[in-house]
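Structure first, then comments.
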Amino acid sequence: MEALKICLTAVLSITELFILTKIMGKRQMSQLSLFDYINGITIGSIAAEMAISPLNQIWKYAIAIAIYGLFAFAFSLLSNKSIIFRRLFVGKSLILMNNGKIFRKNLAKSKLDLNEFLEQCRIGGYFNPDDLQTVIMEANGHLSFLPKADVRPTNPKDFNITPQKETPPVVVISDGSILHGNLKAIGKNEIWLRNKLKENSCSPVSKIFLAMWDSGDTLYVFDINNEEKPNDIYL
């Protein structure tokens with residue numbers, strides 16, 4: 001009976017959390033503000049207590065979760081309607097670098113040290129900060145990068161070119177195993193794949209870590225590599 005009670009209260013708490021998440025929107029699952037983060041932790045804690053509470057007490061936890069959820073929903077509406085409210089409680093963007101200058105005080109305000117700043121630049125694809133015109137910390141804590149005009153990637157519009165539509169590459173081999181379902185989805189089979197590997201003088205399937213096929217009928221192959229690359233040069 002005790003196990004059945006826990007199962008029932010757990011299902012009820014999960015159901016309420018699911019409904020509230022649908023009401024509050026997908027933002028709860030992606031880019032969180034500080035308020036969203038705190039609210040999510042609190043609701044999760046209450047739901048955990050609800051899952052192991054007596055059946056005659058779960059209404060208290062259910063009401064508490066509903067209040068937190070409605071408060072988060074109202075907070076979201078106010079943030080959308082009022083710029084002052086949004087800046088006060090959600091925060092605003094902060095320029096960390098502009099025109100070749102890194103603003104030390106703004107780094108301190110954003111609770112980032114220089115090492116973390118360089119790390120985020122590398123994550124964004126910029127190993128040399130000199131390639132960047134502007135770096136902004138958004139209100140949700142993510143960094144946005146604007147590269148200098150002479151180093152930004154070119155695009156077809158620069159050359160008045162209209163490229164053909166492309167589709168995302170499809171993984172056909174993963175860690176030495178052929179993904180037959182993916183091959184079927186692109187109208188191919190194992191015989192075609194093995195012939196393609198043979199044509200390109202690729203390693204046997206068992207030695208391939210990743211193989212991807214794109215709409216241009218190109219197969220990209222990465223062999224299994226167990227070497228350990230030292231990482232001593234990055235701060």
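Following the order of the structure tokens, chains are lettered A, B, ..., residues in each are numbered from 1, and ligands are numbered from 1.
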Secondary structure check, strand (DSSP E) residues of range 8-203 of chain A, as a list in words: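 Reading the DSSP output for range 8-203 of chain A, strand (DSSP E) covers Leu94, Ile95, Leu96, Met97, Asn98, Lys101, Ile102, Leu132, Gln133, Thr134, Val135, Ile136, Met137, Leu143, Ser144, Phe145, Leu146, Pro147, Val170, Val171, Val172, Ile173, Ser174, Ser177 and Ile178 of chain A.
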Would you mind listing what lies within 8 Å of range 189-196 of chain A as number ranges by chain, with only C-alpha atoms counted and same-chain residues fewer than 6 positions away left out? A: 178, 180, 183, 219
Create the file for the chosen residues now, containing all heavy atoms and written as a PDB file, in the first residue's frame.
```pdb
ATOM      1  N   ILE A 178      26.367   0.196 -37.938  1.00  0.00           N
ATOM      2  CA  ILE A 178      25.572   0.744 -39.039  1.00  0.00           C
ATOM      3  C   ILE A 178      24.162   1.040 -38.558  1.00  0.00           C
ATOM      4  O   ILE A 178      23.527   0.188 -37.914  1.00  0.00           O
ATOM      5  CB  ILE A 178      25.532  -0.230 -40.227  1.00  0.00           C
ATOM      6  CG1 ILE A 178      26.940  -0.448 -40.795  1.00  0.00           C
ATOM      7  CG2 ILE A 178      24.599   0.282 -41.319  1.00  0.00           C
ATOM      8  CD1 ILE A 178      27.014  -1.490 -41.895  1.00  0.00           C
ATOM      9  N   HIS A 180      20.790   1.125 -39.623  1.00  0.00           N
ATOM     10  CA  HIS A 180      19.971   0.673 -40.748  1.00  0.00           C
ATOM     11  C   HIS A 180      18.707   1.516 -40.926  1.00  0.00           C
ATOM     12  O   HIS A 180      18.266   1.738 -42.055  1.00  0.00           O
ATOM     13  CB  HIS A 180      19.601  -0.807 -40.556  1.00  0.00           C
ATOM     14  CG  HIS A 180      20.779  -1.727 -40.588  1.00  0.00           C
ATOM     15  ND1 HIS A 180      21.362  -2.160 -41.761  1.00  0.00           N
ATOM     16  CD2 HIS A 180      21.517  -2.277 -39.569  1.00  0.00           C
ATOM     17  CE1 HIS A 180      22.393  -2.951 -41.482  1.00  0.00           C
ATOM     18  NE2 HIS A 180      22.509  -3.042 -40.165  1.00  0.00           N
ATOM     19  N   LEU A 183      19.669   4.599 -42.843  1.00  0.00           N
ATOM     20  CA  LEU A 183      19.916   4.248 -44.247  1.00  0.00           C
ATOM     21  C   LEU A 183      18.598   4.096 -45.012  1.00  0.00           C
ATOM     22  O   LEU A 183      18.452   4.579 -46.135  1.00  0.00           O
ATOM     23  CB  LEU A 183      20.710   2.945 -44.334  1.00  0.00           C
ATOM     24  CG  LEU A 183      22.223   3.029 -44.070  1.00  0.00           C
ATOM     25  CD1 LEU A 183      22.823   1.635 -44.041  1.00  0.00           C
ATOM     26  CD2 LEU A 183      22.919   3.882 -45.131  1.00  0.00           C
ATOM     27  N   LEU A 219      29.923  11.306 -48.547  1.00  0.00           N
ATOM     28  CA  LEU A 219      30.021  10.570 -47.293  1.00  0.00           C
ATOM     29  C   LEU A 219      31.208  11.101 -46.496  1.00  0.00           C
ATOM     30  O   LEU A 219      32.341  11.122 -46.978  1.00  0.00           O
ATOM     31  CB  LEU A 219      30.213   9.074 -47.570  1.00  0.00           C
ATOM     32  CG  LEU A 219      30.036   8.117 -46.395  1.00  0.00           C
ATOM     33  CD1 LEU A 219      28.591   8.127 -45.906  1.00  0.00           C
ATOM     34  CD2 LEU A 219      30.446   6.699 -46.797  1.00  0.00           C
TER      35      LEU A 219
END
```
CA of Ala149 in chain A to CA of Gly100 in chain A, distance in Å rounded to a single decimal: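 Computed distance, CA of Ala149 in chain A to CA of Gly100 in chain A, equals 13.2 Å.
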Which residues in range 154-187 of chain A does DSSP call alpha helix (DSSP H)? List them as a PyMOL selection string. chain A and resi 180-185
Have a look at A:Ser201, A:Asp130, A:Ile208, A:Phe117 and name the one nearest to Asn226 in chain A; count only C-alpha atoms.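 Nearest to Asn226 in chain A: A:Ile208.
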Can you list, as a PyMOL selection string, every protein, DNA or RNA residue that comes within 7 Å of Thr134 in chain A when you count only C-alpha atoms, leaving out same-chain residues fewer than 5 positions away? chain A and resi 97-99+145-147
For a quick check of understanding, using only C-alpha atoms, which of A:Ile43, A:Ala108, A:Ile224, A:Ala185 has the smallest distance to Gly69 in chain A?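 Under the stated criterion, the closest residue is A:Ile43.
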